[in-house]
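Source file: work.cif; contents: mmCIF, N, CA and C atoms.
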```cif
data_entry
loop_
_atom_site.group_PDB
_atom_site.id
_atom_site.type_symbol
_atom_site.label_atom_id
_atom_site.label_comp_id
_atom_site.auth_asym_id
_atom_site.auth_seq_id
_atom_site.Cartn_x
_atom_site.Cartn_y
_atom_site.Cartn_z
ATOM 1 N N MET L 232 84.924 19.817 -2.011
ATOM 2 C CA MET L 232 85.801 18.854 -2.620
ATOM 3 C C MET L 232 85.074 18.181 -3.778
ATOM 4 N N ARG L 233 85.726 18.111 -4.870
ATOM 5 C CA ARG L 233 85.138 17.532 -6.071
ATOM 6 C C ARG L 233 85.407 16.039 -6.139
ATOM 7 N N ILE L 234 84.378 15.281 -6.504
ATOM 8 C CA ILE L 234 84.516 13.835 -6.642
ATOM 9 C C ILE L 234 84.930 13.520 -8.073
ATOM 10 N N ARG L 235 85.978 12.730 -8.199
ATOM 11 C CA ARG L 235 86.457 12.351 -9.528
ATOM 12 C C ARG L 235 85.741 11.105 -10.007
ATOM 13 N N GLY L 236 85.614 11.016 -11.264
ATOM 14 C CA GLY L 236 84.998 9.828 -11.853
ATOM 15 C C GLY L 236 83.490 9.938 -11.879
ATOM 16 N N GLY L 237 82.883 9.075 -12.640
ATOM 17 C CA GLY L 237 81.445 9.133 -12.808
ATOM 18 C C GLY L 237 80.674 8.210 -11.875
ATOM 19 N N ASP L 238 81.364 7.328 -11.152
ATOM 20 C CA ASP L 238 80.674 6.350 -10.319
ATOM 21 C C ASP L 238 80.825 6.729 -8.851
ATOM 22 N N ALA L 239 80.059 7.683 -8.421
ATOM 23 C CA ALA L 239 80.118 8.138 -7.028
ATOM 24 C C ALA L 239 78.975 7.502 -6.253
ATOM 25 N N ASN L 240 79.318 6.710 -5.235
ATOM 26 C CA ASN L 240 78.317 6.061 -4.395
ATOM 27 C C ASN L 240 78.359 6.681 -3.006
ATOM 28 N N SER L 241 77.219 6.680 -2.366
ATOM 29 C CA SER L 241 77.203 7.169 -0.994
ATOM 30 C C SER L 241 77.830 6.113 -0.091
ATOM 31 N N LEU L 242 78.322 6.555 1.044
ATOM 32 C CA LEU L 242 78.950 5.646 1.992
ATOM 33 C C LEU L 242 77.956 4.593 2.472
ATOM 34 N N ALA L 243 76.707 4.995 2.690
ATOM 35 C CA ALA L 243 75.676 4.052 3.140
ATOM 36 C C ALA L 243 75.464 2.953 2.096
ATOM 37 N N LYS L 244 75.425 3.305 0.828
ATOM 38 C CA LYS L 244 75.236 2.322 -0.241
ATOM 39 C C LYS L 244 76.413 1.360 -0.305
ATOM 40 N N VAL L 245 77.620 1.878 -0.154
ATOM 41 C CA VAL L 245 78.814 1.039 -0.183
ATOM 42 C C VAL L 245 78.800 0.058 0.985
ATOM 43 N N LEU L 246 78.428 0.521 2.177
ATOM 44 C CA LEU L 246 78.376 -0.356 3.346
ATOM 45 C C LEU L 246 77.319 -1.441 3.187
ATOM 46 N N VAL L 247 76.154 -1.095 2.674
ATOM 47 C CA VAL L 247 75.101 -2.083 2.438
ATOM 48 C C VAL L 247 75.578 -3.122 1.432
ATOM 49 N N ASP L 248 76.264 -2.672 0.379
ATOM 50 C CA ASP L 248 76.792 -3.612 -0.612
ATOM 51 C C ASP L 248 77.836 -4.547 -0.005
ATOM 52 N N LEU L 249 78.688 -4.023 0.880
ATOM 53 C CA LEU L 249 79.685 -4.861 1.548
ATOM 54 C C LEU L 249 79.034 -5.904 2.452
ATOM 55 N N VAL L 250 78.032 -5.485 3.219
ATOM 56 C CA VAL L 250 77.323 -6.410 4.109
ATOM 57 C C VAL L 250 76.671 -7.513 3.291
ATOM 58 N N ASP L 251 76.080 -7.161 2.172
ATOM 59 C CA ASP L 251 75.444 -8.167 1.322
ATOM 60 C C ASP L 251 76.475 -9.064 0.629
ATOM 61 N N ALA L 252 77.582 -8.495 0.186
ATOM 62 C CA ALA L 252 78.602 -9.273 -0.514
ATOM 63 C C ALA L 252 79.239 -10.313 0.404
ATOM 64 N N TYR L 253 79.473 -9.967 1.654
ATOM 65 C CA TYR L 253 80.106 -10.885 2.589
ATOM 66 C C TYR L 253 79.095 -11.679 3.428
ATOM 67 N N LYS L 254 77.819 -11.565 3.067
ATOM 68 C CA LYS L 254 76.732 -12.312 3.723
ATOM 69 C C LYS L 254 76.745 -12.107 5.243
ATOM 70 N N LEU L 255 76.803 -10.844 5.639
ATOM 71 C CA LEU L 255 76.846 -10.495 7.060
ATOM 72 C C LEU L 255 75.502 -10.038 7.607
ATOM 73 N N ARG L 256 74.484 -10.004 6.780
ATOM 74 C CA ARG L 256 73.191 -9.499 7.232
ATOM 75 C C ARG L 256 72.604 -10.360 8.356
ATOM 76 N N ALA L 257 72.602 -11.677 8.198
ATOM 77 C CA ALA L 257 72.032 -12.557 9.231
ATOM 78 C C ALA L 257 72.798 -12.471 10.557
ATOM 79 N N PRO L 258 74.136 -12.518 10.558
ATOM 80 C CA PRO L 258 74.838 -12.359 11.836
ATOM 81 C C PRO L 258 74.612 -10.991 12.487
ATOM 82 N N LEU L 259 74.530 -9.959 11.690
ATOM 83 C CA LEU L 259 74.258 -8.628 12.255
ATOM 84 C C LEU L 259 72.860 -8.550 12.842
ATOM 85 N N ASP L 260 71.889 -9.187 12.166
ATOM 86 C CA ASP L 260 70.528 -9.225 12.702
ATOM 87 C C ASP L 260 70.475 -10.001 14.013
ATOM 88 N N GLU L 261 71.261 -11.082 14.113
ATOM 89 C CA GLU L 261 71.282 -11.871 15.342
ATOM 90 C C GLU L 261 71.872 -11.059 16.502
ATOM 91 N N VAL L 262 72.912 -10.299 16.237
ATOM 92 C CA VAL L 262 73.501 -9.451 17.280
ATOM 93 C C VAL L 262 72.506 -8.374 17.703
ATOM 94 N N ARG L 263 71.814 -7.809 16.731
ATOM 95 C CA ARG L 263 70.812 -6.784 17.039
ATOM 96 C C ARG L 263 69.673 -7.370 17.869
ATOM 97 N N LEU L 264 69.225 -8.584 17.521
ATOM 98 C CA LEU L 264 68.171 -9.241 18.289
ATOM 99 C C LEU L 264 68.622 -9.554 19.709
ATOM 100 N N ARG L 265 69.877 -9.978 19.867
ATOM 101 C CA ARG L 265 70.384 -10.293 21.206
ATOM 102 C C ARG L 265 70.420 -9.045 22.082
ATOM 103 N N SER L 266 70.849 -7.930 21.525
ATOM 104 C CA SER L 266 70.878 -6.697 22.324
ATOM 105 C C SER L 266 69.464 -6.231 22.650
ATOM 106 N N CYS L 267 68.519 -6.438 21.729
ATOM 107 C CA CYS L 267 67.123 -6.094 22.019
ATOM 108 C C CYS L 267 66.544 -7.021 23.085
ATOM 109 N N TRP L 268 66.903 -8.301 23.050
ATOM 110 C CA TRP L 268 66.458 -9.264 24.059
ATOM 111 C C TRP L 268 66.889 -8.781 25.444
ATOM 112 N N ASP L 269 68.155 -8.410 25.573
ATOM 113 C CA ASP L 269 68.667 -7.944 26.857
ATOM 114 C C ASP L 269 67.983 -6.652 27.306
ATOM 115 N N ALA L 270 67.745 -5.740 26.361
ATOM 116 C CA ALA L 270 67.133 -4.454 26.704
ATOM 117 C C ALA L 270 65.654 -4.609 27.070
ATOM 118 N N LEU L 271 64.919 -5.431 26.321
ATOM 119 C CA LEU L 271 63.480 -5.565 26.543
ATOM 120 C C LEU L 271 63.139 -6.389 27.781
ATOM 121 N N LEU L 272 63.889 -7.457 28.026
ATOM 122 C CA LEU L 272 63.517 -8.372 29.097
ATOM 123 C C LEU L 272 64.291 -8.154 30.386
ATOM 124 N N GLY L 273 65.295 -7.319 30.354
ATOM 125 C CA GLY L 273 65.973 -6.936 31.585
ATOM 126 C C GLY L 273 67.110 -7.848 32.001
ATOM 127 N N ASP L 274 67.749 -7.449 33.098
ATOM 128 C CA ASP L 274 68.936 -8.150 33.580
ATOM 129 C C ASP L 274 68.621 -9.532 34.138
ATOM 130 N N GLY L 275 67.462 -9.697 34.769
ATOM 131 C CA GLY L 275 67.105 -10.991 35.355
ATOM 132 C C GLY L 275 66.979 -12.077 34.309
ATOM 133 N N VAL L 276 66.253 -11.787 33.248
ATOM 134 C CA VAL L 276 66.077 -12.767 32.167
ATOM 135 C C VAL L 276 67.397 -12.941 31.414
ATOM 136 N N SER L 277 68.119 -11.854 31.220
ATOM 137 C CA SER L 277 69.395 -11.925 30.525
ATOM 138 C C SER L 277 70.391 -12.812 31.270
ATOM 139 N N ALA L 278 70.371 -12.752 32.594
ATOM 140 C CA ALA L 278 71.274 -13.583 33.389
ATOM 141 C C ALA L 278 70.907 -15.063 33.296
ATOM 142 N N GLN L 279 69.626 -15.373 33.098
ATOM 143 C CA GLN L 279 69.181 -16.763 32.997
ATOM 144 C C GLN L 279 69.267 -17.314 31.571
ATOM 145 N N THR L 280 69.553 -16.444 30.597
ATOM 146 C CA THR L 280 69.648 -16.868 29.208
ATOM 147 C C THR L 280 70.999 -17.536 28.987
ATOM 148 N N GLU L 281 70.964 -18.827 28.697
ATOM 149 C CA GLU L 281 72.199 -19.597 28.525
ATOM 150 C C GLU L 281 72.685 -19.614 27.082
ATOM 151 N N SER L 282 71.768 -19.679 26.121
ATOM 152 C CA SER L 282 72.163 -19.630 24.714
ATOM 153 C C SER L 282 71.064 -18.955 23.906
ATOM 154 N N PHE L 283 71.457 -18.430 22.758
ATOM 155 C CA PHE L 283 70.591 -17.608 21.931
ATOM 156 C C PHE L 283 70.963 -17.910 20.484
ATOM 157 N N LEU L 284 70.039 -18.470 19.709
ATOM 158 C CA LEU L 284 70.355 -18.864 18.340
ATOM 159 C C LEU L 284 69.200 -18.504 17.412
ATOM 160 N N VAL L 285 69.530 -17.865 16.311
ATOM 161 C CA VAL L 285 68.548 -17.555 15.275
ATOM 162 C C VAL L 285 68.785 -18.512 14.128
ATOM 163 N N SER L 286 67.722 -19.227 13.746
ATOM 164 C CA SER L 286 67.797 -20.167 12.635
ATOM 165 C C SER L 286 66.630 -19.878 11.705
ATOM 166 N N GLY L 287 66.910 -19.225 10.609
ATOM 167 C CA GLY L 287 65.844 -18.815 9.696
ATOM 168 C C GLY L 287 64.970 -17.776 10.370
ATOM 169 N N GLN L 288 63.701 -18.087 10.529
ATOM 170 C CA GLN L 288 62.780 -17.174 11.197
ATOM 171 C C GLN L 288 62.434 -17.644 12.602
ATOM 172 N N LYS L 289 63.206 -18.607 13.111
ATOM 173 C CA LYS L 289 62.999 -19.111 14.466
ATOM 174 C C LYS L 289 64.087 -18.569 15.381
ATOM 175 N N LEU L 290 63.678 -18.209 16.573
ATOM 176 C CA LEU L 290 64.616 -17.804 17.617
ATOM 177 C C LEU L 290 64.551 -18.860 18.700
ATOM 178 N N MET L 291 65.691 -19.502 18.967
ATOM 179 C CA MET L 291 65.760 -20.531 19.997
ATOM 180 C C MET L 291 66.570 -19.992 21.163
ATOM 181 N N VAL L 292 65.949 -19.999 22.337
ATOM 182 C CA VAL L 292 66.574 -19.446 23.534
ATOM 183 C C VAL L 292 66.571 -20.508 24.620
ATOM 184 N N ARG L 293 67.728 -20.732 25.216
ATOM 185 C CA ARG L 293 67.823 -21.674 26.344
ATOM 186 C C ARG L 293 67.800 -20.857 27.628
ATOM 187 N N ILE L 294 66.767 -21.119 28.438
ATOM 188 C CA ILE L 294 66.578 -20.440 29.716
ATOM 189 C C ILE L 294 66.835 -21.457 30.823
ATOM 190 N N GLY L 295 67.660 -21.088 31.812
ATOM 191 C CA GLY L 295 68.030 -22.001 32.881
ATOM 192 C C GLY L 295 66.931 -22.291 33.879
ATOM 193 N N ASP L 296 66.072 -21.334 34.160
ATOM 194 C CA ASP L 296 65.030 -21.473 35.176
ATOM 195 C C ASP L 296 63.714 -21.909 34.535
ATOM 196 N N ALA L 297 63.159 -23.043 34.984
ATOM 197 C CA ALA L 297 61.945 -23.599 34.384
ATOM 198 C C ALA L 297 60.733 -22.690 34.573
ATOM 199 N N SER L 298 60.601 -22.074 35.736
ATOM 200 C CA SER L 298 59.441 -21.211 35.966
ATOM 201 C C SER L 298 59.514 -19.958 35.097
ATOM 202 N N LEU L 299 60.700 -19.413 34.911
ATOM 203 C CA LEU L 299 60.877 -18.259 34.035
ATOM 204 C C LEU L 299 60.600 -18.659 32.591
ATOM 205 N N ARG L 300 61.047 -19.827 32.205
ATOM 206 C CA ARG L 300 60.811 -20.328 30.848
ATOM 207 C C ARG L 300 59.319 -20.447 30.566
ATOM 208 N N SER L 301 58.543 -20.969 31.522
ATOM 209 C CA SER L 301 57.105 -21.117 31.295
ATOM 210 C C SER L 301 56.400 -19.755 31.276
ATOM 211 N N GLU L 302 56.857 -18.818 32.093
ATOM 212 C CA GLU L 302 56.279 -17.473 32.079
ATOM 213 C C GLU L 302 56.555 -16.773 30.752
ATOM 214 N N LEU L 303 57.770 -16.921 30.228
ATOM 215 C CA LEU L 303 58.101 -16.331 28.932
ATOM 216 C C LEU L 303 57.320 -17.007 27.816
ATOM 217 N N HIS L 304 57.090 -18.303 27.946
ATOM 218 C CA HIS L 304 56.322 -19.031 26.933
ATOM 219 C C HIS L 304 54.894 -18.483 26.833
ATOM 220 N N LEU L 305 54.309 -18.110 27.957
ATOM 221 C CA LEU L 305 52.956 -17.550 27.949
ATOM 222 C C LEU L 305 52.895 -16.202 27.231
ATOM 223 N N ASN L 306 54.006 -15.462 27.238
ATOM 224 C CA ASN L 306 54.041 -14.127 26.631
ATOM 225 C C ASN L 306 54.815 -14.098 25.322
ATOM 226 N N GLN L 307 54.968 -15.240 24.668
ATOM 227 C CA GLN L 307 55.848 -15.290 23.509
ATOM 228 C C GLN L 307 55.356 -14.443 22.332
ATOM 229 N N ALA L 308 54.062 -14.331 22.117
ATOM 230 C CA ALA L 308 53.556 -13.511 21.002
ATOM 231 C C ALA L 308 53.935 -12.046 21.202
ATOM 232 N N ASN L 309 53.793 -11.562 22.416
ATOM 233 C CA ASN L 309 54.156 -10.184 22.726
ATOM 234 C C ASN L 309 55.673 -9.986 22.607
ATOM 235 N N ILE L 310 56.446 -10.956 23.043
ATOM 236 C CA ILE L 310 57.908 -10.861 22.972
ATOM 237 C C ILE L 310 58.369 -10.817 21.520
ATOM 238 N N ILE L 311 57.779 -11.656 20.667
ATOM 239 C CA ILE L 311 58.137 -11.675 19.241
ATOM 240 C C ILE L 311 57.858 -10.319 18.614
ATOM 241 N N GLU L 312 56.685 -9.775 18.907
ATOM 242 C CA GLU L 312 56.307 -8.472 18.346
ATOM 243 C C GLU L 312 57.289 -7.380 18.785
ATOM 244 N N GLN L 313 57.626 -7.354 20.068
ATOM 245 C CA GLN L 313 58.538 -6.333 20.584
ATOM 246 C C GLN L 313 59.951 -6.505 20.047
ATOM 247 N N LEU L 314 60.408 -7.748 19.916
ATOM 248 C CA LEU L 314 61.751 -7.985 19.375
ATOM 249 C C LEU L 314 61.852 -7.525 17.924
ATOM 250 N N ASN L 315 60.860 -7.843 17.117
ATOM 251 C CA ASN L 315 60.879 -7.421 15.718
ATOM 252 C C ASN L 315 60.815 -5.903 15.599
ATOM 253 N N ALA L 316 60.029 -5.263 16.444
ATOM 254 C CA ALA L 316 59.940 -3.802 16.411
ATOM 255 C C ALA L 316 61.253 -3.163 16.850
ATOM 256 N N CYS L 317 61.853 -3.707 17.892
ATOM 257 C CA CYS L 317 63.096 -3.145 18.415
ATOM 258 C C CYS L 317 64.253 -3.353 17.444
ATOM 259 N N ALA L 318 64.366 -4.551 16.901
ATOM 260 C CA ALA L 318 65.494 -4.868 16.026
ATOM 261 C C ALA L 318 65.350 -4.229 14.656
ATOM 262 N N GLY L 319 64.116 -3.993 14.226
ATOM 263 C CA GLY L 319 63.904 -3.374 12.926
ATOM 264 C C GLY L 319 64.388 -4.235 11.774
ATOM 265 N N VAL L 320 64.359 -5.532 11.948
ATOM 266 C CA VAL L 320 64.849 -6.417 10.904
ATOM 267 C C VAL L 320 63.873 -6.451 9.738
ATOM 268 N N ASN L 321 64.406 -6.684 8.549
ATOM 269 C CA ASN L 321 63.537 -6.725 7.379
ATOM 270 C C ASN L 321 62.711 -8.005 7.373
ATOM 271 N N SER L 322 61.794 -8.125 6.448
ATOM 272 C CA SER L 322 60.851 -9.241 6.464
ATOM 273 C C SER L 322 61.530 -10.593 6.243
ATOM 274 N N ARG L 323 62.692 -10.612 5.624
ATOM 275 C CA ARG L 323 63.375 -11.880 5.382
ATOM 276 C C ARG L 323 63.936 -12.474 6.673
ATOM 277 N N HIS L 324 64.372 -11.635 7.600
ATOM 278 C CA HIS L 324 64.940 -12.112 8.855
ATOM 279 C C HIS L 324 64.021 -11.829 10.041
ATOM 280 N N ARG L 325 62.766 -11.673 9.787
ATOM 281 C CA ARG L 325 61.798 -11.396 10.838
ATOM 282 C C ARG L 325 61.529 -12.667 11.645
ATOM 283 N N ILE L 326 61.472 -12.550 12.956
ATOM 284 C CA ILE L 326 61.227 -13.690 13.824
ATOM 285 C C ILE L 326 59.728 -14.000 13.827
ATOM 286 N N THR L 327 59.384 -15.256 13.528
ATOM 287 C CA THR L 327 57.981 -15.672 13.553
ATOM 288 C C THR L 327 57.703 -16.699 14.636
ATOM 289 N N ARG L 328 58.748 -17.424 15.062
ATOM 290 C CA ARG L 328 58.578 -18.441 16.127
ATOM 291 C C ARG L 328 59.645 -18.234 17.189
ATOM 292 N N LEU L 329 59.233 -18.423 18.419
ATOM 293 C CA LEU L 329 60.132 -18.310 19.556
ATOM 294 C C LEU L 329 60.075 -19.612 20.325
ATOM 295 N N LEU L 330 61.200 -20.306 20.406
ATOM 296 C CA LEU L 330 61.264 -21.604 21.068
ATOM 297 C C LEU L 330 62.125 -21.486 22.310
ATOM 298 N N PHE L 331 61.597 -21.962 23.434
ATOM 299 C CA PHE L 331 62.356 -21.984 24.681
ATOM 300 C C PHE L 331 62.807 -23.407 24.917
ATOM 301 N N ILE L 332 64.096 -23.608 25.023
ATOM 302 C CA ILE L 332 64.646 -24.951 25.208
ATOM 303 C C ILE L 332 65.427 -25.038 26.507
#
```
Take the structure in this file and express it as structure tokens.
Amino acid sequence: MRIRGGDANSLAKVLVDLVDAYKLRAPLDEVRLRSCWDALLGDGVSAQTESFLVSGQKLMVRIGDASLRSELHLNQANIIEQLNACAGVNSRHRITRLLFI
């Protein structure tokens, strides 16, 4: 099939342009991080997670159980590294701080 016109863009380029035009990159990154959180930390932690919010490069997570919250706090550097690797987010939306509230 022949493409008409001189301005032929790939579908991937068009989708990236749409995501950028409608400023959907941050919400999509947050959804990706939430699914990685559930996959990496399992059903037990996921069930205790009450809220999940990304604000800039900070991830704020409300955990219902105090002992689980303190255990996750001890491993926060490892969790940040794994979340960034799993989500594959670019450097602008990369998580640098993890806050348990």
Explicit residue set for the PyMOL selection byres (((chain L and resi 294-305 and name CA) around 6) and name CA), as a list in words: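 Residues picked by the PyMOL selection byres (((chain L and resi 294-305 and name CA) around 6) and name CA): Gln279, Thr280, Glu281, Arg293, Asn306 and Gln307 of chain L.
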Gap from atom CA of L:Gln313 to atom CA of L:Lys254 - Å, one decimal: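 Atom-to-atom, atom CA of L:Gln313 to atom CA of L:Lys254, that is 25.5 Å.
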For L:Trp268: contacts at 6.5 Å, all atoms listed in the file, fewer than 4 positions along chain excluded, given as a PyMOL selection string: chain L and resi 263-264+272-273+277+314
Interatomic distance, atom N of L:Ala257 to atom C of L:Leu329 (Å, one decimal):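 Calculated distance between atom N of L:Ala257 and atom C of L:Leu329 is 19.2 Å.
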Distance in Å - atom CA of L:Arg256 versus atom CA of L:Gln288: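 Going from atom CA of L:Arg256 over to atom CA of L:Gln288, I get 13.5 Å.
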Among listed residues L:Asp260, L:Phe331, L:Ser266, L:Asp274, nearest L:Val292 (using only C-alpha atoms):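 Ranking L:Asp260, L:Phe331, L:Ser266, L:Asp274 by distance to L:Val292, first place goes to L:Phe331.
Counting only C-alpha atoms and comparing L:Gly319, L:Asp251, L:Ala308, L:Arg328, the residue that lies closest to L:Lys289 is L:Arg328.
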